[in-house]
Structure formats: structure tokens, C-alpha cells
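Asker: Input structure: entry.txt, which contains compact mmCIF, C-alpha atoms.
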```txt
# COMPACT_ATOMS: atom_id res chain seq x y z
CA MET T 1 184.89 110.01 112.40
CA VAL T 2 183.37 108.53 115.53
CA ALA T 3 183.85 104.79 115.92
CA GLY T 4 180.69 102.80 115.34
CA LEU T 5 178.86 105.59 113.50
CA ARG T 6 178.38 105.68 109.75
CA LEU T 7 178.45 109.32 108.66
CA ILE T 8 177.08 109.96 105.17
CA ASN T 9 178.75 113.02 103.66
CA SER T 10 177.71 112.59 100.05
CA GLY T 11 176.38 110.11 97.53
CA LEU T 12 173.10 109.37 95.80
CA LEU T 13 171.47 105.98 95.66
CA ILE T 14 169.72 105.47 92.34
CA THR T 15 166.25 104.04 92.83
CA GLY T 16 164.56 104.50 89.50
CA GLY T 17 163.45 108.02 90.32
CA ARG T 18 161.37 107.29 93.41
CA MET T 19 161.70 106.16 96.99
CA LYS T 20 159.29 103.51 98.22
CA ASN T 21 158.40 103.47 101.90
CA ARG T 22 159.34 100.48 104.00
CA LYS T 23 156.41 99.30 106.09
CA SER T 24 158.75 97.37 108.38
CA LEU T 25 160.26 100.69 109.48
CA GLY T 26 156.92 102.39 109.97
CA GLN T 27 157.61 104.95 107.24
CA HIS T 28 154.77 107.43 106.67
CA TRP T 29 155.97 110.69 105.17
CA LEU T 30 154.38 113.97 106.16
CA LYS T 31 153.72 116.14 103.10
CA ASP T 32 152.03 119.31 104.41
CA ARG T 33 154.45 122.26 104.46
CA ASP T 34 152.51 124.23 107.08
CA ILE T 35 152.51 121.33 109.54
CA LEU T 36 156.22 120.75 108.96
CA LEU T 37 156.89 124.40 109.74
CA ASP T 38 154.71 124.11 112.85
CA ILE T 39 156.96 121.30 114.12
CA SER T 40 160.06 123.34 113.36
CA ASN T 41 158.67 126.44 115.07
CA LEU T 42 157.63 124.45 118.15
CA ALA T 43 161.13 122.97 118.33
CA ALA T 44 162.83 126.37 118.17
CA VAL T 45 164.56 127.61 121.34
CA ASP T 46 166.31 130.96 121.62
CA GLY T 47 170.06 130.53 121.37
CA VAL T 48 169.89 126.92 120.21
CA ASN T 49 171.25 126.33 116.69
CA THR T 50 171.54 122.53 116.49
CA VAL T 51 168.73 120.02 116.12
CA VAL T 52 168.96 116.22 116.13
CA GLU T 53 166.37 114.92 113.71
CA ILE T 54 165.20 111.34 114.14
CA GLY T 55 164.18 109.59 110.92
CA PRO T 56 164.45 112.40 108.35
CA GLY T 57 163.22 110.16 105.55
CA LEU T 58 162.86 112.22 102.39
CA GLY T 59 164.00 115.40 104.11
CA THR T 60 160.70 117.28 104.22
CA LEU T 61 160.98 118.04 107.93
CA THR T 62 164.72 118.60 107.51
CA SER T 63 163.97 121.45 105.12
CA ALA T 64 161.60 123.05 107.63
CA LEU T 65 164.09 122.63 110.48
CA PHE T 66 166.66 124.65 108.56
CA GLN T 67 164.27 127.60 108.91
CA ASN T 68 165.07 127.69 112.64
CA PHE T 69 168.39 125.88 113.00
CA SER T 70 171.75 126.37 111.32
CA LYS T 71 172.77 122.72 111.81
CA VAL T 72 170.80 119.49 111.48
CA VAL T 73 172.19 116.17 112.72
CA ALA T 74 169.99 113.55 111.06
CA ILE T 75 169.77 109.94 112.25
CA GLU T 76 168.33 107.67 109.56
CA LEU T 77 168.12 103.88 109.75
CA ASP T 78 167.16 103.34 106.08
CA ASN T 79 170.42 103.23 104.11
CA ARG T 80 168.72 104.36 100.89
CA LEU T 81 167.32 107.49 102.48
CA ALA T 82 170.50 108.22 104.43
CA ALA T 83 172.53 108.11 101.22
CA ASN T 84 170.07 110.29 99.31
CA LEU T 85 169.52 113.04 101.89
CA PRO T 86 172.75 115.09 101.57
CA LYS T 87 172.16 115.76 97.87
CA SER T 88 168.93 117.57 98.75
CA PHE T 89 170.71 120.15 100.90
CA PRO T 90 173.87 121.40 99.16
CA GLY T 91 175.70 124.01 101.15
CA LYS T 92 173.74 123.29 104.34
CA ASN T 93 175.33 122.24 107.63
CA LEU T 94 173.86 118.75 107.58
CA GLU T 95 175.29 115.59 109.12
CA VAL T 96 173.56 112.32 108.30
CA TYR T 97 174.21 109.15 110.27
CA ASN T 98 173.00 105.84 108.90
CA GLN T 99 172.25 104.41 112.33
CA ASP T 100 169.52 102.98 114.55
CA ILE T 101 168.61 105.74 117.00
CA LEU T 102 167.89 103.17 119.72
CA SER T 103 171.42 101.73 119.63
CA LEU T 104 173.16 105.05 118.97
CA ASN T 105 175.39 106.49 121.67
CA VAL T 106 174.18 110.09 121.50
CA GLU T 107 177.14 111.34 123.51
CA GLU T 108 179.46 110.28 120.67
CA LEU T 109 177.87 112.82 118.32
CA SER T 110 179.83 115.68 119.93
CA LEU T 111 176.72 117.82 120.17
CA PRO T 112 176.88 121.34 121.64
CA ASP T 113 175.77 121.97 125.21
CA LYS T 114 172.40 123.15 123.95
CA TYR T 115 170.48 121.25 121.29
CA VAL T 116 166.95 120.04 120.61
CA VAL T 117 165.47 116.81 119.23
CA ALA T 118 162.73 116.61 116.61
CA GLY T 119 161.20 113.95 114.39
CA ASN T 120 158.24 112.20 112.86
CA ILE T 121 158.60 108.75 114.40
CA PRO T 122 156.83 105.36 114.38
CA TYR T 123 154.68 104.69 117.45
CA TYR T 124 156.55 101.52 118.42
CA ILE T 125 159.79 103.39 119.20
CA THR T 126 158.18 106.42 120.85
CA SER T 127 158.70 105.37 124.47
CA PRO T 128 162.29 104.07 124.01
CA ILE T 129 163.30 107.29 122.22
CA ILE T 130 161.78 109.53 124.89
CA GLN T 131 163.33 107.53 127.71
CA LYS T 132 166.68 107.57 125.92
CA PHE T 133 166.87 111.34 125.66
CA LEU T 134 165.43 111.99 129.12
CA HIS T 135 168.04 109.78 130.79
CA ILE T 136 171.26 110.73 129.02
CA LYS T 137 173.76 112.96 130.81
CA ASP T 138 173.42 115.96 128.48
CA ARG T 139 169.70 116.16 127.87
CA PRO T 140 168.24 118.28 125.05
CA GLN T 141 166.57 121.62 125.74
CA LYS T 142 163.40 120.32 124.14
CA ILE T 143 162.04 117.21 122.40
CA VAL T 144 159.36 117.73 119.75
CA LEU T 145 157.91 114.63 118.13
CA LEU T 146 155.05 113.81 115.81
CA ILE T 147 153.66 110.53 117.09
CA GLN T 148 150.49 108.46 117.14
CA LYS T 149 147.69 110.52 118.71
CA GLU T 150 146.77 107.83 121.24
CA VAL T 151 150.36 107.66 122.50
CA ALA T 152 150.57 111.46 122.70
CA GLU T 153 147.41 111.52 124.81
CA ARG T 154 148.88 108.90 127.13
CA LEU T 155 152.06 110.95 127.55
CA GLY T 156 150.08 114.06 128.42
CA ALA T 157 147.57 112.27 130.68
CA GLN T 158 146.34 113.89 133.87
CA GLU T 159 144.95 112.62 137.17
CA GLY T 160 142.62 109.68 136.65
CA ASP T 161 144.27 108.66 133.39
CA TYR T 162 147.91 108.29 134.41
CA SER T 163 150.01 105.38 133.18
CA VAL T 164 153.60 104.28 133.74
CA LEU T 165 154.46 105.95 130.41
CA ALA T 166 152.90 109.27 131.45
CA LEU T 167 154.37 109.35 134.95
CA SER T 168 157.87 108.25 133.90
CA ALA T 169 157.92 111.00 131.25
CA GLN T 170 156.35 113.72 133.42
CA ILE T 171 158.83 113.05 136.21
CA TYR T 172 161.61 114.11 133.86
CA ALA T 173 159.98 116.72 131.66
CA LYS T 174 157.10 119.11 131.19
CA VAL T 175 154.83 117.45 128.63
CA THR T 176 152.67 119.59 126.34
CA LEU T 177 150.39 118.35 123.58
CA GLY T 178 150.39 120.21 120.28
CA PRO T 179 148.19 120.12 117.17
CA VAL T 180 146.54 116.92 115.95
CA VAL T 181 147.61 115.88 112.43
CA GLY T 182 145.11 113.82 110.44
CA ARG T 183 146.20 110.65 108.68
CA GLU T 184 145.34 112.20 105.31
CA PHE T 185 148.42 114.44 105.55
CA PHE T 186 150.77 111.46 105.24
CA THR T 187 152.02 109.39 102.33
CA PRO T 188 151.04 106.59 102.55
CA PRO T 189 148.24 107.35 105.04
CA PRO T 190 148.59 105.47 108.36
CA LYS T 191 145.58 103.88 110.03
CA VAL T 192 145.46 106.45 112.84
CA ASP T 193 145.84 110.18 113.37
CA SER T 194 149.00 111.71 114.83
CA GLN T 195 149.74 114.52 117.25
CA ILE T 196 152.70 116.74 118.08
CA VAL T 197 154.06 116.35 121.59
CA MET T 198 156.64 118.59 123.26
CA LEU T 199 158.82 117.63 126.20
CA GLU T 200 160.96 120.15 128.06
CA PRO T 201 163.33 118.31 130.43
CA PHE T 202 163.60 119.56 134.01
CA GLU T 203 166.99 120.39 135.49
CA LYS T 204 166.27 117.77 138.14
CA PRO T 205 163.64 114.99 137.98
CA LEU T 206 160.59 115.32 140.21
CA ALA T 207 161.08 111.85 141.69
CA SER T 208 163.77 109.23 142.20
CA GLU T 209 164.27 105.94 140.39
CA THR T 210 163.06 104.27 143.59
CA THR T 211 159.74 106.07 143.20
CA ILE T 212 159.55 105.01 139.56
CA SER T 213 160.09 101.40 140.64
CA LEU T 214 157.20 101.79 143.08
CA ILE T 215 155.02 103.24 140.29
CA LYS T 216 155.71 100.19 138.16
CA LEU T 217 154.66 97.91 141.01
CA GLY T 218 151.53 99.97 141.48
CA PHE T 219 150.55 99.41 137.85
CA ILE T 220 150.95 95.61 137.93
CA ALA T 221 147.22 95.44 137.30
CA PRO T 222 146.17 98.98 136.27
CA ARG T 223 142.43 98.48 136.79
CA LYS T 224 142.77 97.04 140.27
CA LYS T 225 143.04 99.06 143.46
CA LEU T 226 146.49 100.48 144.11
CA ILE T 227 146.61 99.06 147.63
CA SER T 228 146.04 95.53 146.28
CA ASN T 229 148.79 95.88 143.66
CA LEU T 230 151.29 97.19 146.20
CA ALA T 231 150.43 94.49 148.72
CA ILE T 232 151.37 91.92 146.08
CA GLY T 233 154.34 93.76 144.62
CA LEU T 234 155.88 94.74 147.96
CA GLN T 235 154.75 91.59 149.78
CA MET T 236 153.36 93.87 152.48
CA PRO T 237 150.15 93.28 154.49
CA LYS T 238 147.26 95.42 153.31
CA ASP T 239 146.66 96.62 156.87
CA ASN T 240 150.14 98.15 156.96
CA LEU T 241 149.57 99.85 153.61
CA LEU T 242 146.17 101.08 154.74
CA GLN T 243 147.79 102.83 157.71
CA ILE T 244 150.19 104.60 155.34
CA PHE T 245 147.40 105.55 152.95
CA GLN T 246 145.36 107.04 155.80
CA LYS T 247 148.36 108.92 157.18
CA ILE T 248 149.17 110.68 153.91
CA GLY T 249 145.60 111.10 152.70
CA ILE T 250 145.35 108.59 149.85
CA ASP T 251 141.94 107.01 149.30
CA LYS T 252 142.07 103.27 150.03
CA ASN T 253 140.01 102.70 146.86
CA ALA T 254 142.37 104.71 144.62
CA ARG T 255 143.50 103.18 141.35
CA PRO T 256 147.11 103.62 140.24
CA ALA T 257 145.95 105.97 137.48
CA ASP T 258 144.58 108.38 140.11
CA LEU T 259 147.83 109.36 141.82
CA PRO T 260 149.85 112.39 140.71
CA ILE T 261 153.64 112.36 140.98
CA ALA T 262 153.71 114.17 144.35
CA ASP T 263 151.56 111.46 145.95
CA TRP T 264 153.82 108.71 144.61
CA VAL T 265 156.86 110.50 146.09
CA THR T 266 155.18 110.82 149.48
CA LEU T 267 153.99 107.21 149.35
CA GLU T 268 157.45 105.91 148.53
CA LYS T 269 159.04 107.87 151.38
CA ASN T 270 156.55 106.56 153.91
CA ILE T 271 156.77 102.96 152.72
CA HIS T 272 160.55 102.94 153.03
CA LYS T 273 160.49 104.53 156.47
CA ARG T 274 159.12 101.32 157.88
```
Produce C-alpha cells that represent the structure in this file.
Answerer:
Amino acid sequence: MVAGLRLINSGLLITGGRMKNRKSLGQHWLKDRDILLDISNLAAVDGVNTVVEIGPGLGTLTSALFQNFSKVVAIELDNRLAANLPKSFPGKNLEVYNQDILSLNVEELSLPDKYVVAGNIPYYITSPIIQKFLHIKDRPQKIVLLIQKEVAERLGAQEGDYSVLALSAQIYAKVTLGPVVGREFFTPPPKVDSQIVMLEPFEKPLASETTISLIKLGFIAPRKKLISNLAIGLQMPKDNLLQIFQKIGIDKNARPADLPIADWVTLEKNIHKR
């Protein structure tokens, strides 16, 4: 037993025959079997047998994941659901931890070298979860999440629509958007639609943490010109920045959302040469 982790091996919490969702935890349970299997199939990687599931809830996605994985390591914050889950999968290689995924030390789970992450997660923990798994030492082979559609679109944004969220994710992983899932497929229905997003971590990030720090400065005021934001954030005269922009071919009127990762890398190198 790993210190600090509460592993649920057995036990059933009696709740009068039904489990009520907790709005405070953002619980909206997906009920469509085909969509659940889609998530499982998208998460599948040849030679990978272990999946870390975030927020298994009632176990509907867990069941689908067992179609492609021989072991599921489930992280569930709700103690009622964590206690109930093992009884639904007798004989299966299931580990359930009653733990907050954001405070969990993933490296203490003794995961194999190759594993994937999957889950249907609340929008407000999407970015912290993604950043957590992209920055740990032993990153997963793939991360497949069902999240709020608007957040998925931001993660997969392209030139002209970039954000700090998009760039910081795309520096560390290939981001691919999957099927949109309407709100009517959930119980209870959320107020917005969802979408599947897939992240495949790179062996090495496309940019350094120094570049990411520059990106954050560049987005101080996202709608303003990049050169104005950097002049403030770096406390550098605009004329000096303009010379750099002209040298590397960046439009002086560019907004921070316009620059792809390669331009940010080049910009950072030239700024710190001075």
C-alpha cells in the first residue's frame, strides 16, 4: 500500500439503490454505449495494457475501457463511488483510489513504462490535469479526455486562435480533436456540449520553459498587439522589439494569437541574445 493513497479493494456503500450526482464535483454521467466505446478505442495503443481512468463515476467508461485494456487504475474523488465501483467488476484487474487526481503523486502508483490516461472530466480541472500528465517524468503514451467542447476547441486551436492553453499543450503533445458529444447523452444533461480530445506526448517538447514564460507575457492582454504586450512584460523599448520582429519576419501588428510555436521559439532566442 502506497503511503498517502487510499486503495479501495472491496466494499459497497448502501445508498438506497441509487447514486445521486454531486454538482460540486461536476458529475455528469455519460450513458451512450457507442460513445463510451469510441473513447476506449481512441485510447487504445498497441502493446499498452494499462489505463489510468480519471473520475470513473458509475463505471460506464470503465466497462468500455476493459474492452481494450487488461488493467484499469481508477482515480475517484467521490468516496461513495470509489467504494461502489469494485463490486461492478468482479474478477477484473481493477484498482480504485479514492483520491483527488490533482493532488495525487502519479509516480507512486507504480504504473508500467507504457500506459494511457482516459476520462470524462469536469471542465474546471481540464487544464490542470493535462499539464500534470504532460509534465511528469514518465508521461503516458496518450491522453484521451471527454471535456467541454469550447475547451477542446481551445486546446486544438490553430494560427489566429492560439491561447496560452493551446500553445502550452501543443508544445508538449500532438493535439487532435475527436467527435462532439451532445449534452443530451449525459445524465444529468450539462449546459454545454462536450468533445473528445486526444493528446499524444512528444519525446521532447517543441519549446523550452523560457519560451513558455515569454508566451505568457505575450498574452498579458490577448487582444492587444504582441509587441505592446512584450514591451510591457519585458520592460523593453518597442523600437528594440521592432528590430527583432523585422529581423525574423514577424508582423509588427501581430496579435499573440497569431504566432505558431516555431515563431515563439525564434522570438525568444533573439530576445535573449541581446
Asker: Kindly give the distance, in Å, that separates atom CA of Asp78 of chain T and atom CA of Leu102 of chain T, rounded to a single decimal.
Answerer: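 Atom CA of Asp78 of chain T sits 13.7 Å away from atom CA of Leu102 of chain T.
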Asker: Anything within 7 Å of (152.5, 112.3, 114.2): list those residues as a list in words, counting all atoms listed in the file and sticking to the file's coordinates.
Answerer: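 Every residue inside that radius is included here: Asn120, Leu146, Ile147, Gln148, Lys149, Val181, Ser194, Gln195 and Ile196 of chain T.
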Asker: Enter the distance from atom CA of Ile143 of chain T to atom CA of Thr266 of chain T, in Å, rounded to one decimal.
Answerer: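 Answer for the atom CA of Ile143 of chain T to atom CA of Thr266 of chain T separation: 28.7 Å.
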Asker: At most 10 Å is the cut-off: for each residue in segment 99-183 of chain T with any atom that close to an atom of segment 213-235 of chain T, write down the nearest atom pair and the distance in Å rounded to one decimal, counting only C-alpha atoms, chain first then increasing number, as a tab-separated table.
Answerer:
```
residue	atom	partner	partner_atom	distance
T:Tyr162	CA	T:Pro222	CA	9.7
T:Ser163	CA	T:Phe219	CA	7.6
T:Val164	CA	T:Lys216	CA	6.4
T:Leu165	CA	T:Lys216	CA	9.7
T:Leu167	CA	T:Ile215	CA	8.1
T:Ser168	CA	T:Ile215	CA	8.6
```
Asker: With C-alpha atoms retained, could you export that selection as a PDB file, keeping the file's coordinate frame?
Answerer:
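File result_37.pdb, as written:
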```pdb
ATOM      1  CA  TYR T 162     147.910 108.290 134.410  1.00  0.00           C
ATOM      2  CA  SER T 163     150.010 105.380 133.180  1.00  0.00           C
ATOM      3  CA  VAL T 164     153.600 104.280 133.740  1.00  0.00           C
ATOM      4  CA  LEU T 165     154.460 105.950 130.410  1.00  0.00           C
ATOM      5  CA  LEU T 167     154.370 109.350 134.950  1.00  0.00           C
ATOM      6  CA  SER T 168     157.870 108.250 133.900  1.00  0.00           C
TER       7      SER T 168
END
```
Asker: Just want the 9 Å neighbourhood of Thr126 of chain T, counted on all atoms listed in the file, with same-chain residues fewer than 4 positions away dropped. Output as a VMD selection string.
Answerer: chain T and resid 121 to 122 130 to 131 145 147 to 148 151
Asker: Could you put an axis-aligned box around every listed atom of segment 55-71 of chain T, padded by 8 Å on each side, and send me its centre and edge lengths in Å to one decimal, as lines of an AutoDock Vina configuration file?
Answerer:
```
center_x = 166.7
center_y = 118.6
center_z = 107.7
size_x = 28.1
size_y = 34.1
size_z = 26.6
```
Asker: Tell me, as a ChimeraX atom specification, which residues lie within 9 Å of Ala262 of chain T, counting only C-alpha atoms; anything in the same chain fewer than 3 positions away does not count.
Answerer: /T:206-207,259,265-267
Asker: Measure the distance from atom CA of Ser88 of chain T to atom CA of Gly59 of chain T in Å and round it to one decimal.
Answerer: 7.6 Å
Asker: Show me, as an NGL selection string, the residues that have an atom within 12 Å of segment 104-106 of chain T when counting only C-alpha atoms, minus same-chain residues fewer than 6 positions from it.
Answerer: :T and (2-6 or 52 or 54 or 73-77 or 97-98 or 112 or 115 or 117 or 129 or 132-140)
Asker: Choose the residue, out of T:Leu177, T:Ala157, T:Val48, T:Ile271, that has the smallest atom-to-atom separation from Met236 of chain T; count only C-alpha atoms.
Answerer: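 Between T:Leu177, T:Ala157, T:Val48, T:Ile271, the residue approaching Met236 of chain T most closely is T:Ile271.
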Asker: Taking (154.0, 117.8, 98.9) in the coordinates of the supplied file, I want to know which residues reach to within 10 Å of it, counting all atoms listed in the file; could you give the answer as a ChimeraX atom specification?
Answerer: /T:29-33,60,185-187
Asker: Rank T:Glu159, T:Glu203, T:Asp46, T:Glu95 by their smallest atom-to-atom distance to Tyr172 of chain T, using all atoms listed in the file, and report the top residue only.
Answerer: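 So, comparing all the options, the nearest one is T:Glu203.
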Asker: Please determine, counting all atoms listed in the file, which residue among T:Pro189, T:Gly119, T:Pro128, T:Gly160 has the shortest atom-to-atom distance to Asp258 of chain T.
Answerer: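 Ranking T:Pro189, T:Gly119, T:Pro128, T:Gly160 by distance to Asp258 of chain T, first place goes to T:Gly160.
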Asker: My list of candidates is T:Gly47, T:Pro205, T:Gly182, T:Pro56. Which is closest to Leu85 of chain T when distances are computed with only C-alpha atoms?
Answerer: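 With only C-alpha atoms as the atom set, the closest residue is T:Pro56.
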Asker: Of the candidates T:Val116, T:Leu65, T:Ala254, T:Ile248, which one gets nearest to Val45 of chain T if we count all atoms listed in the file?
Answerer: T:Val116
Asker: Please determine, counting only C-alpha atoms, which residue among T:Phe69, T:Val96, T:Ser127, T:His272 has the shortest atom-to-atom distance to Ala82 of chain T.
Answerer: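 Under the stated criterion, the closest residue is T:Val96.
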